[in-house]
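What follows is start-v8.txt (compact mmCIF, C-alpha atoms and all ligand atoms).
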```txt
# COMPACT_ATOMS: atom_id res chain seq x y z
CA MET F 234 0.00 0.00 0.00
CA ILE F 235 1.23 3.47 -0.87
CA ASP F 236 -0.08 6.50 1.00
CA LEU F 237 -0.67 10.04 -0.27
CA TYR F 238 2.94 11.01 0.50
CA LYS F 239 4.31 8.10 -1.54
CA ARG F 240 5.31 6.16 1.57
CA LYS F 241 5.14 2.40 1.25
CA ILE F 242 3.14 0.98 4.15
CA ASN F 243 4.43 -2.51 4.85
CA TYR F 244 4.67 -2.62 8.66
CA LEU F 245 1.78 -3.54 10.99
CA ARG F 246 2.07 -3.22 14.77
CA ILE F 247 -0.59 -5.22 16.56
CA SER F 248 -1.41 -4.52 20.19
CA VAL F 249 -2.92 -7.70 21.59
CA THR F 250 -3.80 -6.34 25.03
CA ASP F 251 -3.76 -3.13 27.03
CA LEU F 252 -3.05 -5.05 30.22
CA CYS F 253 0.41 -5.27 31.68
CA ASN F 254 2.19 -6.92 34.58
CA LEU F 255 4.24 -3.73 35.16
CA ARG F 256 3.26 -0.09 35.73
CA CYS F 257 6.07 1.94 34.13
CA LYS F 258 5.64 5.47 35.40
CA TYR F 259 5.77 7.12 31.96
CA CYS F 260 3.40 4.65 30.32
CA MET F 261 0.68 3.55 32.69
CA PRO F 262 -1.17 5.22 35.58
CA LYS F 263 -0.42 3.81 39.04
CA LYS F 264 -3.86 2.28 39.41
CA GLY F 265 -3.84 0.85 35.88
CA ILE F 266 -6.16 1.93 33.11
CA LYS F 267 -9.91 1.65 32.79
CA LYS F 268 -10.75 -1.92 31.94
CA ILE F 269 -12.28 -2.37 28.52
CA ASP F 270 -15.28 -4.70 28.38
CA HIS F 271 -14.20 -8.16 27.28
CA SER F 272 -16.52 -8.06 24.25
CA GLU F 273 -14.72 -4.95 22.98
CA ILE F 274 -11.37 -6.74 22.79
CA LEU F 275 -10.54 -8.49 19.55
CA ARG F 276 -10.57 -12.24 19.87
CA LEU F 277 -7.39 -13.97 18.72
CA GLU F 278 -9.19 -15.34 15.64
CA GLU F 279 -10.28 -11.82 14.79
CA ILE F 280 -6.72 -10.54 15.07
CA GLU F 281 -5.65 -13.36 12.77
CA GLU F 282 -8.36 -12.48 10.25
CA ILE F 283 -7.47 -8.78 10.22
CA THR F 284 -3.77 -9.63 9.91
CA LYS F 285 -4.48 -11.85 6.89
CA VAL F 286 -6.19 -8.97 5.14
CA PHE F 287 -3.25 -6.65 5.83
CA VAL F 288 -0.81 -9.26 4.56
CA GLU F 289 -2.83 -9.60 1.37
CA LEU F 290 -2.53 -5.83 1.02
CA GLY F 291 1.26 -5.93 1.17
CA ILE F 292 2.20 -5.91 4.86
CA ASP F 293 5.33 -8.04 5.26
CA LYS F 294 6.62 -6.88 8.64
CA ILE F 295 4.57 -7.56 11.77
CA ARG F 296 5.19 -6.68 15.38
CA ILE F 297 3.15 -7.93 18.30
CA THR F 298 3.01 -5.53 21.20
CA GLY F 299 0.75 -4.49 24.08
CA GLY F 300 0.39 -3.62 27.02
CA GLU F 301 2.50 -6.64 27.72
CA PRO F 302 1.79 -9.07 24.87
CA LEU F 303 2.95 -12.09 26.86
CA VAL F 304 0.15 -11.69 29.42
CA ARG F 305 -2.49 -12.31 26.74
CA ARG F 306 -3.85 -15.79 27.10
CA GLY F 307 -3.37 -17.86 23.93
CA ILE F 308 -0.65 -15.59 22.56
CA ILE F 309 1.48 -18.53 21.39
CA ASN F 310 -1.43 -19.79 19.25
CA LEU F 311 -1.72 -16.40 17.58
CA ILE F 312 2.03 -16.26 16.98
CA GLU F 313 1.81 -19.70 15.40
CA LYS F 314 -0.97 -18.58 13.05
CA ILE F 315 0.87 -15.44 11.94
CA GLY F 316 4.18 -17.33 11.81
CA LYS F 317 2.66 -19.51 9.10
CA MET F 318 1.77 -16.57 6.85
CA ASP F 319 4.24 -16.97 4.01
CA LYS F 320 4.46 -13.35 2.98
CA VAL F 321 5.56 -12.15 6.43
CA ARG F 322 9.33 -11.76 6.19
CA ASP F 323 9.94 -10.06 9.57
CA PHE F 324 7.92 -11.14 12.60
CA ALA F 325 8.85 -9.57 15.91
CA LEU F 326 7.53 -8.85 19.38
CA THR F 327 8.10 -5.96 21.77
CA THR F 328 8.04 -7.01 25.42
CA ASN F 329 9.16 -5.96 28.85
CA GLY F 330 10.97 -9.31 28.96
CA THR F 331 9.74 -10.40 32.37
CA LEU F 332 7.92 -13.46 31.02
CA LEU F 333 10.42 -14.35 28.31
CA LYS F 334 12.24 -16.95 30.33
CA LYS F 335 8.99 -18.89 30.36
CA TYR F 336 7.88 -18.23 26.77
CA ALA F 337 10.98 -17.65 24.59
CA LYS F 338 11.30 -21.24 23.42
CA ASP F 339 7.59 -21.56 22.58
CA LEU F 340 7.66 -18.23 20.77
CA LYS F 341 10.59 -19.34 18.65
CA MET F 342 8.97 -22.67 17.87
CA ALA F 343 5.75 -20.90 16.93
CA GLY F 344 7.60 -18.94 14.25
CA LEU F 345 8.52 -15.62 15.86
CA ASN F 346 11.80 -14.27 14.47
CA ARG F 347 13.00 -11.84 17.12
CA VAL F 348 12.26 -9.72 20.20
CA ASN F 349 12.80 -6.12 21.30
CA ILE F 350 13.01 -5.89 25.09
CA SER F 351 12.33 -2.74 27.08
CA VAL F 352 14.50 -2.00 30.08
CA ASP F 353 15.29 1.49 31.33
CA THR F 354 17.84 0.80 34.05
CA LEU F 355 20.34 -1.86 35.02
CA ASN F 356 19.92 -1.14 38.70
CA VAL F 357 17.63 -3.46 40.68
CA GLN F 358 16.15 -0.74 42.93
CA LYS F 359 15.69 1.77 40.14
CA TYR F 360 14.00 -0.88 38.01
CA ARG F 361 11.58 -1.62 40.82
CA GLU F 362 10.93 2.11 41.14
CA ILE F 363 10.33 2.97 37.44
CA THR F 364 8.20 -0.12 36.81
CA ARG F 365 6.43 0.19 40.19
CA GLY F 366 7.39 -3.25 41.40
CA GLY F 367 9.18 -5.13 38.61
CA ASN F 368 12.09 -7.49 39.19
CA LEU F 369 15.14 -6.80 36.99
CA LYS F 370 16.34 -10.38 37.41
CA ASP F 371 13.33 -11.62 35.42
CA VAL F 372 14.25 -9.38 32.50
CA ILE F 373 17.93 -10.35 32.52
CA GLU F 374 16.94 -14.02 32.51
CA GLY F 375 14.48 -13.26 29.72
CA ILE F 376 17.17 -11.61 27.59
CA CYS F 377 19.49 -14.61 28.09
CA GLU F 378 16.75 -17.05 27.15
CA ALA F 379 15.80 -15.07 24.03
CA LYS F 380 19.43 -15.19 22.88
CA LYS F 381 19.72 -18.85 23.74
CA VAL F 382 16.73 -19.90 21.66
CA GLY F 383 17.68 -17.61 18.75
CA LEU F 384 15.05 -14.86 18.94
CA THR F 385 17.69 -12.63 17.44
CA PRO F 386 18.88 -9.96 16.90
CA VAL F 387 17.84 -9.01 20.43
CA LYS F 388 17.31 -5.27 20.74
CA ILE F 389 17.04 -3.49 24.07
CA ASN F 390 14.85 -0.38 24.16
CA THR F 391 15.76 2.17 26.81
CA VAL F 392 13.73 5.35 27.25
CA LEU F 393 15.99 8.24 28.24
CA ILE F 394 14.62 9.86 31.38
CA GLY F 395 16.27 12.96 32.84
CA GLY F 396 17.43 12.56 36.42
CA PHE F 397 16.81 8.83 36.21
CA ASN F 398 19.04 6.98 33.77
CA GLU F 399 21.33 9.45 32.02
CA ASP F 400 24.09 8.29 34.36
CA GLU F 401 23.66 4.76 32.97
CA ILE F 402 24.18 5.59 29.29
CA CYS F 403 27.76 4.23 29.40
CA ASP F 404 26.65 1.03 31.13
CA PHE F 405 24.01 0.40 28.47
CA VAL F 406 26.44 1.13 25.64
CA ASN F 407 28.97 -1.22 27.23
CA LEU F 408 26.47 -4.08 26.88
CA THR F 409 27.04 -3.90 23.12
CA LYS F 410 30.79 -4.43 23.42
CA ASN F 411 30.85 -8.14 24.15
CA GLU F 412 27.30 -9.24 23.50
CA GLU F 413 25.38 -9.51 20.25
CA ILE F 414 22.77 -7.11 21.55
CA ASP F 415 21.67 -3.78 20.09
CA VAL F 416 20.81 -1.09 22.62
CA ARG F 417 18.46 1.66 21.44
CA PHE F 418 17.87 4.86 23.37
CA ILE F 419 14.40 6.32 22.86
CA GLU F 420 13.40 9.92 23.48
CA LEU F 421 10.59 10.25 25.99
CA MET F 422 7.42 11.26 24.17
CA PRO F 423 4.58 13.37 25.59
CA ILE F 424 1.84 10.76 25.56
CA GLY F 425 -0.70 9.99 28.30
CA GLU F 426 1.09 9.62 31.61
CA ALA F 427 4.25 11.18 30.19
CA LYS F 428 2.48 14.23 28.77
CA ASP F 429 3.36 16.56 31.59
CA TRP F 430 6.51 15.22 33.11
CA SER F 431 8.18 14.49 29.76
CA ILE F 432 8.86 18.23 29.51
CA ASP F 433 11.16 18.28 32.57
CA LYS F 434 12.61 14.84 32.03
CA PHE F 435 13.22 14.98 28.30
CA ILE F 436 16.77 14.24 27.15
CA PRO F 437 17.64 14.45 23.46
CA SER F 438 19.25 11.24 22.31
CA SER F 439 22.22 13.31 21.09
CA LYS F 440 23.23 13.18 24.77
CA VAL F 441 24.41 9.63 24.08
CA LEU F 442 26.82 10.89 21.40
CA GLU F 443 28.07 13.60 23.75
CA LYS F 444 28.79 11.04 26.46
CA ILE F 445 30.35 8.33 24.30
CA ASN F 446 33.08 9.72 22.06
CA ASP F 447 34.01 6.63 20.12
CA LEU F 448 30.61 5.86 18.60
CA LYS F 449 30.82 5.70 14.80
CA GLU F 450 27.76 5.99 12.60
CA VAL F 451 26.65 2.83 10.83
CA LYS F 452 25.09 3.06 7.37
CA LYS F 453 21.32 2.73 7.64
CA ASN F 454 20.13 -0.37 5.75
CA ASP F 455 16.45 0.17 6.40
CA LEU F 456 15.45 3.80 5.81
CA SER F 457 12.08 3.28 7.47
CA SER F 458 13.63 2.16 10.76
CA PRO F 459 13.08 4.76 13.49
CA ALA F 460 16.61 4.19 14.78
CA ASP F 461 19.89 5.69 13.58
CA TYR F 462 22.67 3.27 14.38
CA TYR F 463 26.20 3.71 15.75
CA LYS F 464 28.87 1.32 16.87
CA ILE F 465 31.90 1.27 19.09
CA PRO F 466 34.72 -0.12 16.92
CA ASN F 467 35.01 -3.92 17.29
CA SER F 468 31.90 -4.19 19.42
CA LYS F 469 29.47 -7.02 18.76
CA GLY F 470 26.27 -4.99 18.99
CA LYS F 471 25.07 -1.60 17.80
CA VAL F 472 23.77 1.48 19.58
CA GLY F 473 20.58 2.97 18.17
CA LEU F 474 19.08 6.40 18.70
CA ILE F 475 15.32 6.77 18.25
CA ASN F 476 14.57 10.49 18.01
CA PRO F 477 10.85 11.05 17.49
CA ILE F 478 11.14 14.50 19.05
CA SER F 479 14.51 15.99 18.16
CA CYS F 480 14.61 14.62 14.63
CA LYS F 481 11.34 13.15 13.56
CA PHE F 482 11.41 10.29 11.10
CA CYS F 483 7.87 10.58 9.71
CA GLU F 484 9.09 11.14 6.16
CA ASN F 485 10.02 7.47 5.96
CA CYS F 486 7.15 6.13 8.03
CA ASN F 487 6.03 2.69 6.85
CA ARG F 488 3.71 1.66 9.68
CA VAL F 489 0.16 1.47 10.92
CA ARG F 490 -1.20 0.07 14.16
CA ILE F 491 -4.10 -2.01 15.42
CA THR F 492 -5.25 -1.50 18.99
CA CYS F 493 -6.54 -4.38 21.06
CA ASP F 494 -10.08 -3.04 20.69
CA GLY F 495 -9.82 -3.23 16.94
CA LYS F 496 -9.06 0.33 15.91
CA LEU F 497 -6.70 1.09 13.06
CA LYS F 498 -4.33 3.88 14.08
CA LEU F 499 -2.71 5.58 11.12
CA CYS F 500 -0.22 7.48 13.24
CA LEU F 501 1.04 6.98 16.78
CA HIS F 502 0.44 10.64 17.54
CA SER F 503 -2.99 11.09 15.99
CA ASP F 504 -6.33 10.56 17.71
CA GLU F 505 -7.94 9.53 14.44
CA GLU F 506 -8.88 5.87 14.65
CA ILE F 507 -10.75 3.74 12.16
CA ASP F 508 -12.95 1.03 13.57
CA LEU F 509 -12.20 -2.37 12.03
CA LYS F 510 -13.88 -4.50 14.66
CA THR F 511 -17.49 -3.55 13.84
CA PRO F 512 -17.20 -4.08 10.07
CA LEU F 513 -15.28 -7.31 10.70
CA ARG F 514 -18.06 -8.58 12.97
CA LYS F 515 -20.67 -7.54 10.41
CA GLY F 516 -18.80 -9.42 7.70
CA GLU F 517 -18.06 -6.28 5.67
CA ASN F 518 -15.18 -5.89 3.23
CA LEU F 519 -12.17 -4.87 5.34
CA LYS F 520 -9.86 -4.51 2.35
CA GLU F 521 -11.76 -1.56 0.99
CA ILE F 522 -11.97 0.09 4.42
CA ILE F 523 -8.22 -0.29 4.97
CA ILE F 524 -7.25 0.99 1.51
CA ASN F 525 -9.44 4.07 1.99
CA ALA F 526 -8.02 4.62 5.46
CA ILE F 527 -4.41 4.55 4.29
CA ASN F 528 -5.15 7.64 2.21
CA LYS F 529 -5.84 9.50 5.45
CA LYS F 530 -2.47 8.71 7.04
CA PRO F 531 -1.02 11.98 8.36
CA LYS F 532 2.20 13.34 6.89
CA SER F 533 3.80 13.61 10.32
CA HIS F 534 3.16 14.19 14.00
CA HIS F 535 2.75 17.68 15.42
CA LEU F 536 4.07 17.22 18.92
CA GLU F 537 6.05 20.44 18.57
CA ASP F 538 2.71 22.30 18.30
CA GLY F 539 1.39 20.62 21.45
CA GLU F 540 -0.87 18.16 19.62
CA HIS F 541 -1.03 15.32 22.11
CA ILE F 542 -3.22 12.26 21.87
CA LYS F 543 -5.65 10.95 24.47
CA ARG F 544 -4.69 7.28 24.70
CA ASN F 545 -1.95 6.13 27.03
CA MET F 546 1.02 4.42 25.40
CA VAL F 547 0.05 1.18 27.13
CA ALA F 548 -3.12 1.18 25.02
CA ILE F 549 -1.21 1.61 21.76
CA GLY F 550 1.95 -0.42 22.12
CA GLY F 551 4.69 2.03 21.15
N1 LIG F 601 7.03 8.68 17.00
C1 LIG F 601 7.14 7.39 16.71
N2 LIG F 601 7.84 6.59 17.54
C2 LIG F 601 7.93 5.30 17.23
C3 LIG F 601 7.34 4.78 16.08
N3 LIG F 601 7.61 3.45 16.02
C4 LIG F 601 8.34 3.18 17.09
N4 LIG F 601 8.55 4.30 17.83
C5 LIG F 601 9.27 4.40 19.09
O1 LIG F 601 10.28 3.44 19.06
C6 LIG F 601 10.08 2.52 20.14
C7 LIG F 601 10.63 1.19 19.78
O2 LIG F 601 9.80 0.55 18.89
P1 LIG F 601 9.82 -1.04 18.76
O3 LIG F 601 8.56 -1.57 19.32
O4 LIG F 601 11.07 -1.60 19.30
O5 LIG F 601 9.75 -1.23 17.18
P2 LIG F 601 10.74 -0.78 16.00
O6 LIG F 601 11.60 0.32 16.47
O7 LIG F 601 9.91 -0.56 14.81
O8 LIG F 601 11.60 -2.10 15.85
P3 LIG F 601 12.61 -2.62 14.74
O9 LIG F 601 11.78 -3.25 13.69
O10 LIG F 601 13.40 -3.64 15.50
O11 LIG F 601 13.43 -1.46 14.28
C8 LIG F 601 8.57 2.60 20.36
O12 LIG F 601 8.23 2.18 21.64
C9 LIG F 601 8.33 4.06 20.21
O13 LIG F 601 8.73 4.72 21.37
C10 LIG F 601 6.61 5.65 15.25
O14 LIG F 601 6.07 5.29 14.23
N5 LIG F 601 6.55 6.94 15.62
C1 LIG F 602 4.04 0.50 25.44
S1 LIG F 602 5.33 -0.69 25.53
C2 LIG F 602 4.47 -2.17 25.02
C3 LIG F 602 5.33 -3.40 24.95
C4 LIG F 602 5.96 -3.92 26.22
N1 LIG F 602 5.11 -3.88 27.34
C5 LIG F 602 7.26 -3.20 26.49
O1 LIG F 602 7.37 -2.52 27.50
O2 LIG F 602 8.15 -3.36 25.65
C6 LIG F 602 6.31 -0.37 24.07
C7 LIG F 602 7.41 0.62 24.22
O3 LIG F 602 6.87 1.91 24.41
C8 LIG F 602 7.81 2.65 25.15
N2 LIG F 602 7.16 3.83 25.70
C9 LIG F 602 6.09 3.87 26.50
N3 LIG F 602 5.77 5.13 26.81
C10 LIG F 602 6.67 5.91 26.16
C11 LIG F 602 6.87 7.31 26.07
N4 LIG F 602 6.08 8.17 26.69
N5 LIG F 602 7.88 7.77 25.30
C12 LIG F 602 8.69 6.90 24.66
N6 LIG F 602 8.54 5.57 24.68
C13 LIG F 602 7.56 5.09 25.44
C14 LIG F 602 8.26 1.64 26.19
O4 LIG F 602 9.46 1.99 26.81
C15 LIG F 602 8.38 0.39 25.36
O5 LIG F 602 9.70 0.29 24.84
S1 LIG F 603 6.21 0.24 28.94
FE1 LIG F 603 5.47 -1.83 28.54
S2 LIG F 603 5.96 -2.82 30.48
FE2 LIG F 603 5.95 -0.71 30.96
S3 LIG F 603 3.86 -0.28 31.64
FE3 LIG F 603 4.03 0.19 29.45
S4 LIG F 603 3.26 -1.62 28.50
FE4 LIG F 603 3.84 -2.19 30.58
S1 LIG F 604 4.72 9.88 14.39
FE1 LIG F 604 3.18 9.07 12.94
S2 LIG F 604 3.90 9.58 10.90
FE2 LIG F 604 5.61 9.89 12.32
S3 LIG F 604 6.76 7.97 12.23
FE3 LIG F 604 5.32 7.77 13.95
S4 LIG F 604 3.47 6.86 13.09
FE4 LIG F 604 4.71 7.57 11.38
```
Just dump the structure as structure tokens.
Amino acid sequence: MIDLYKRKINYLRISVTDLCNLRCKYCMPKKGIKKIDHSEILRLEEIEEITKVFVELGIDKIRITGGEPLVRRGIINLIEKIGKMDKVRDFALTTNGTLLKKYAKDLKMAGLNRVNISVDTLNVQKYREITRGGNLKDVIEGICEAKKVGLTPVKINTVLIGGFNEDEICDFVNLTKNEEIDVRFIELMPIGEAKDWSIDKFIPSSKVLEKINDLKEVKKNDLSSPADYYKIPNSKGKVGLINPISCKFCENCNRVRITCDGKLKLCLHSDEEIDLKTPLRKGENLKEIIINAINKKPKSHHLEDGEHIKRNMVAIGG
């Protein structure tokens, strides 16, 4: 599918749940989010059906996300179904990693290619604090298991948070020296919970380049990737910078999203959502609806003008 700005849309991010076993302070309110009625959530077969239509329309990269995707019951079955879709050449999952030790092997066997794992600190106490109760050990074990079973390349996503983890930039970069792990620093975006405090705590990802002198830029293979990559000479992994704020990458955007309640989101930072669940349940032609919707995909976000969306990140999936 090609949108009005001649961007090829080949990447679908599917949020399978808005529930999570953590409560990261920038993503989810302390008391959780308002529970959506069970009937409003797409059933796994419905997700599969919608995915099939997207694949027929040219989607060849799929990411499963959440909330925490691994808390959704039956997730391995869904992965298996999508894993069998021949035209999908890149099939990945974004997770907080806490349940990976348990599920990595099954995910791999079901056909998942790789995982991106979110972790914002390497300090046990700070991890407990930012996630409101999480155990860093679970994530570390999850990362090891993912590598062991070959859910690779493993990428670590770290949101840069002022006054919280800027002192750990070197530690994160050092992980790439001896391990085949890519570490990507993400700029904190003003969404939901983070809308207000992201202003004080925002750190441009260029801070990483200031702190680490010997990072050398790596040629970008995939122009539509949100990350710019660097490398310390002779290191095994890469360091990525994801700069949605300081240097937005909308020009090369190739993605759309499905929320767990069956809405098609054309842009992470737009409130416009197209209902797919109702027409799906009525047996209407989804292809036509999706093709028409793609023409409405915004050119870019307008965060710089204070245009902030209503949903929390946990209800979109990143
Ligand atoms: N503004 C904006 N940020 C995005 C977009 N896609 C991803 N991000 C940010 O990048 C983070 C990491 O995304 P991931 O879930 O790891 O997916 P990805 O970066 O597409 O992964 P790769 O395919 O491995 O490059 C997200 O949580 C967001 O914070 C996007 O389209 N727009
Ligand atoms: C919403 S989570 C969903 C998947 C999974 N639970 C996880 O944590 O990886 C996806 C990603 O969004 C990122 N994220 C959440 N809120 C964000 C914000 N305000 N700015 C930047 N990234 C954010 C998280 O750090 C995580 O990497
Ligand atoms: S970032 Fe991921 S792990 Fe943290 S609260 Fe949001 S959905 Fe859960
Ligand atoms: S902000 Fe919107 S247009 Fe820009 S890269 Fe993200 S989804 Fe695409």
Shortest interatomic distance to Val451 (chain F) - which of F:Leu333, F:Ile436, F:Leu326, F:Val472, counting only C-alpha atoms: F:Val472
Need to verify the contact set: Asn254 (chain F), 9 Å, all atoms listed in the file, exclusion of same-chain residues closer than 5 positions in sequence. Can you return it as a compact mmCIF listing (two decimals) with C-alpha atoms, in the coordinates of the input?
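selection_21.txt written:
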```txt
# COMPACT_ATOMS: atom_id res chain seq x y z
CA GLY F 300 0.39 -3.62 27.02
CA GLU F 301 2.50 -6.64 27.72
CA VAL F 304 0.15 -11.69 29.42
CA THR F 331 9.74 -10.40 32.37
CA GLY F 367 9.18 -5.13 38.61
```
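You can rank F:Lys314, F:Lys440, F:Arg544, F:Arg347 by their closest distance to Asp251 (chain F) using only C-alpha atoms, and at the top of that list sits F:Arg544.
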Using only C-alpha atoms and all ligand atoms, determine which residues fall within 8 Å of ligand LIG 602 (chain F), then list them as a ChimeraX atom specification. /F:248,253,255,257,259-261,298-302,327-330,349-353,390-392,419-428,431,545-551
Which residues, written as number ranges by chain, have at least one atom at most 6 Å from Arg490 (chain F), with all atoms listed in the file counted and residues fewer than 3 positions away on the same chain left out? F: 245-247, 497-498
Using only C-alpha atoms, please write the residues we just selected to a file, as a JSON list (two decimals), in the coordinates of the input.
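Wrote it out as out-v9.json, contents follow:
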```json
[["chain", "number", "residue", "atom", "x", "y", "z"],
["F", 245, "LEU", "CA", 1.78, -3.54, 10.99],
["F", 246, "ARG", "CA", 2.07, -3.22, 14.77],
["F", 247, "ILE", "CA", -0.59, -5.22, 16.56],
["F", 497, "LEU", "CA", -6.70, 1.09, 13.06],
["F", 498, "LYS", "CA", -4.33, 3.88, 14.08]]
```
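Closest approach to ligand LIG 601 (chain F) among F:Glu281, F:Glu506, F:Glu537, F:Glu362: F:Glu537, based on only C-alpha atoms and all ligand atoms.
Using all atoms listed in the file, the nearest neighbour of ligand LIG 601 (chain F) within the list F:Asn411, F:Ser439, F:Ser503, F:Thr284 is F:Ser503.
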Quick one: residues within 12 Å of Lys520 (chain F), only C-alpha atoms counted, chain neighbours fewer than 6 positions away excluded, as a list in words? Met234, Glu282, Ile283, Thr284, Lys285, Val286, Phe287, Val288, Glu289, Leu290, Gly291, Leu509, Pro512, Leu513, Ala526 and Ile527 of chain F
Quick one: write out the picked residues with C-alpha atoms as a PDB file, in the coordinates of the input?
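Generated output (again12.pdb):
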```pdb
ATOM      1  CA  MET F 234       0.000   0.000   0.000  1.00  0.00           C
ATOM      2  CA  GLU F 282      -8.360 -12.480  10.250  1.00  0.00           C
ATOM      3  CA  ILE F 283      -7.470  -8.780  10.220  1.00  0.00           C
ATOM      4  CA  THR F 284      -3.770  -9.630   9.910  1.00  0.00           C
ATOM      5  CA  LYS F 285      -4.480 -11.850   6.890  1.00  0.00           C
ATOM      6  CA  VAL F 286      -6.190  -8.970   5.140  1.00  0.00           C
ATOM      7  CA  PHE F 287      -3.250  -6.650   5.830  1.00  0.00           C
ATOM      8  CA  VAL F 288      -0.810  -9.260   4.560  1.00  0.00           C
ATOM      9  CA  GLU F 289      -2.830  -9.600   1.370  1.00  0.00           C
ATOM     10  CA  LEU F 290      -2.530  -5.830   1.020  1.00  0.00           C
ATOM     11  CA  GLY F 291       1.260  -5.930   1.170  1.00  0.00           C
ATOM     12  CA  LEU F 509     -12.200  -2.370  12.030  1.00  0.00           C
ATOM     13  CA  PRO F 512     -17.200  -4.080  10.070  1.00  0.00           C
ATOM     14  CA  LEU F 513     -15.280  -7.310  10.700  1.00  0.00           C
ATOM     15  CA  ALA F 526      -8.020   4.620   5.460  1.00  0.00           C
ATOM     16  CA  ILE F 527      -4.410   4.550   4.290  1.00  0.00           C
TER      17      ILE F 527
END
```
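Distances from F:His535, F:Lys263, F:Lys434, F:Lys370 to ligand LIG 603 (chain F) were compared using only C-alpha atoms and all ligand atoms, and the smallest one belongs to F:Lys263.
The point (35.5, 2.8, 17.8) has these residues within 7 Å of it, counting all atoms listed in the file: Asp447, Leu448, Lys449, Lys464, Ile465, Pro466 and Asn467 of chain F.
Between ligand LIG 603 (chain F) and the residues F:Arg305, F:Arg365, F:Lys380, F:Lys469, the shortest atom-to-atom distance, using all atoms listed in the file, involves F:Arg365.
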Would you output region 350-400 of chain F from that structure, restricted to C-alpha atoms, as a JSON list (two decimals), in the first residue's frame?
```json
[["chain", "number", "residue", "atom", "x", "y", "z"],
["F", 350, "ILE", "CA", 13.01, -5.89, 25.09],
["F", 351, "SER", "CA", 12.33, -2.74, 27.08],
["F", 352, "VAL", "CA", 14.50, -2.00, 30.08],
["F", 353, "ASP", "CA", 15.29, 1.49, 31.33],
["F", 354, "THR", "CA", 17.84, 0.80, 34.05],
["F", 355, "LEU", "CA", 20.34, -1.86, 35.02],
["F", 356, "ASN", "CA", 19.92, -1.14, 38.70],
["F", 357, "VAL", "CA", 17.63, -3.46, 40.68],
["F", 358, "GLN", "CA", 16.15, -0.74, 42.93],
["F", 359, "LYS", "CA", 15.69, 1.77, 40.14],
["F", 360, "TYR", "CA", 14.00, -0.88, 38.01],
["F", 361, "ARG", "CA", 11.58, -1.62, 40.82],
["F", 362, "GLU", "CA", 10.93, 2.11, 41.14],
["F", 363, "ILE", "CA", 10.33, 2.97, 37.44],
["F", 364, "THR", "CA", 8.20, -0.12, 36.81],
["F", 365, "ARG", "CA", 6.43, 0.19, 40.19],
["F", 366, "GLY", "CA", 7.39, -3.25, 41.40],
["F", 367, "GLY", "CA", 9.18, -5.13, 38.61],
["F", 368, "ASN", "CA", 12.09, -7.49, 39.19],
["F", 369, "LEU", "CA", 15.14, -6.80, 36.99],
["F", 370, "LYS", "CA", 16.34, -10.38, 37.41],
["F", 371, "ASP", "CA", 13.33, -11.62, 35.42],
["F", 372, "VAL", "CA", 14.25, -9.38, 32.50],
["F", 373, "ILE", "CA", 17.93, -10.35, 32.52],
["F", 374, "GLU", "CA", 16.94, -14.02, 32.51],
["F", 375, "GLY", "CA", 14.48, -13.26, 29.72],
["F", 376, "ILE", "CA", 17.17, -11.61, 27.59],
["F", 377, "CYS", "CA", 19.49, -14.61, 28.09],
["F", 378, "GLU", "CA", 16.75, -17.05, 27.15],
["F", 379, "ALA", "CA", 15.80, -15.07, 24.03],
["F", 380, "LYS", "CA", 19.43, -15.19, 22.88],
["F", 381, "LYS", "CA", 19.72, -18.85, 23.74],
["F", 382, "VAL", "CA", 16.73, -19.90, 21.66],
["F", 383, "GLY", "CA", 17.68, -17.61, 18.75],
["F", 384, "LEU", "CA", 15.05, -14.86, 18.94],
["F", 385, "THR", "CA", 17.69, -12.63, 17.44],
["F", 386, "PRO", "CA", 18.88, -9.96, 16.90],
["F", 387, "VAL", "CA", 17.84, -9.01, 20.43],
["F", 388, "LYS", "CA", 17.31, -5.27, 20.74],
["F", 389, "ILE", "CA", 17.04, -3.49, 24.07],
["F", 390, "ASN", "CA", 14.85, -0.38, 24.16],
["F", 391, "THR", "CA", 15.76, 2.17, 26.81],
["F", 392, "VAL", "CA", 13.73, 5.35, 27.25],
["F", 393, "LEU", "CA", 15.99, 8.24, 28.24],
["F", 394, "ILE", "CA", 14.62, 9.86, 31.38],
["F", 395, "GLY", "CA", 16.27, 12.96, 32.84],
["F", 396, "GLY", "CA", 17.43, 12.56, 36.42],
["F", 397, "PHE", "CA", 16.81, 8.83, 36.21],
["F", 398, "ASN", "CA", 19.04, 6.98, 33.77],
["F", 399, "GLU", "CA", 21.33, 9.45, 32.02],
["F", 400, "ASP", "CA", 24.09, 8.29, 34.36]]
```
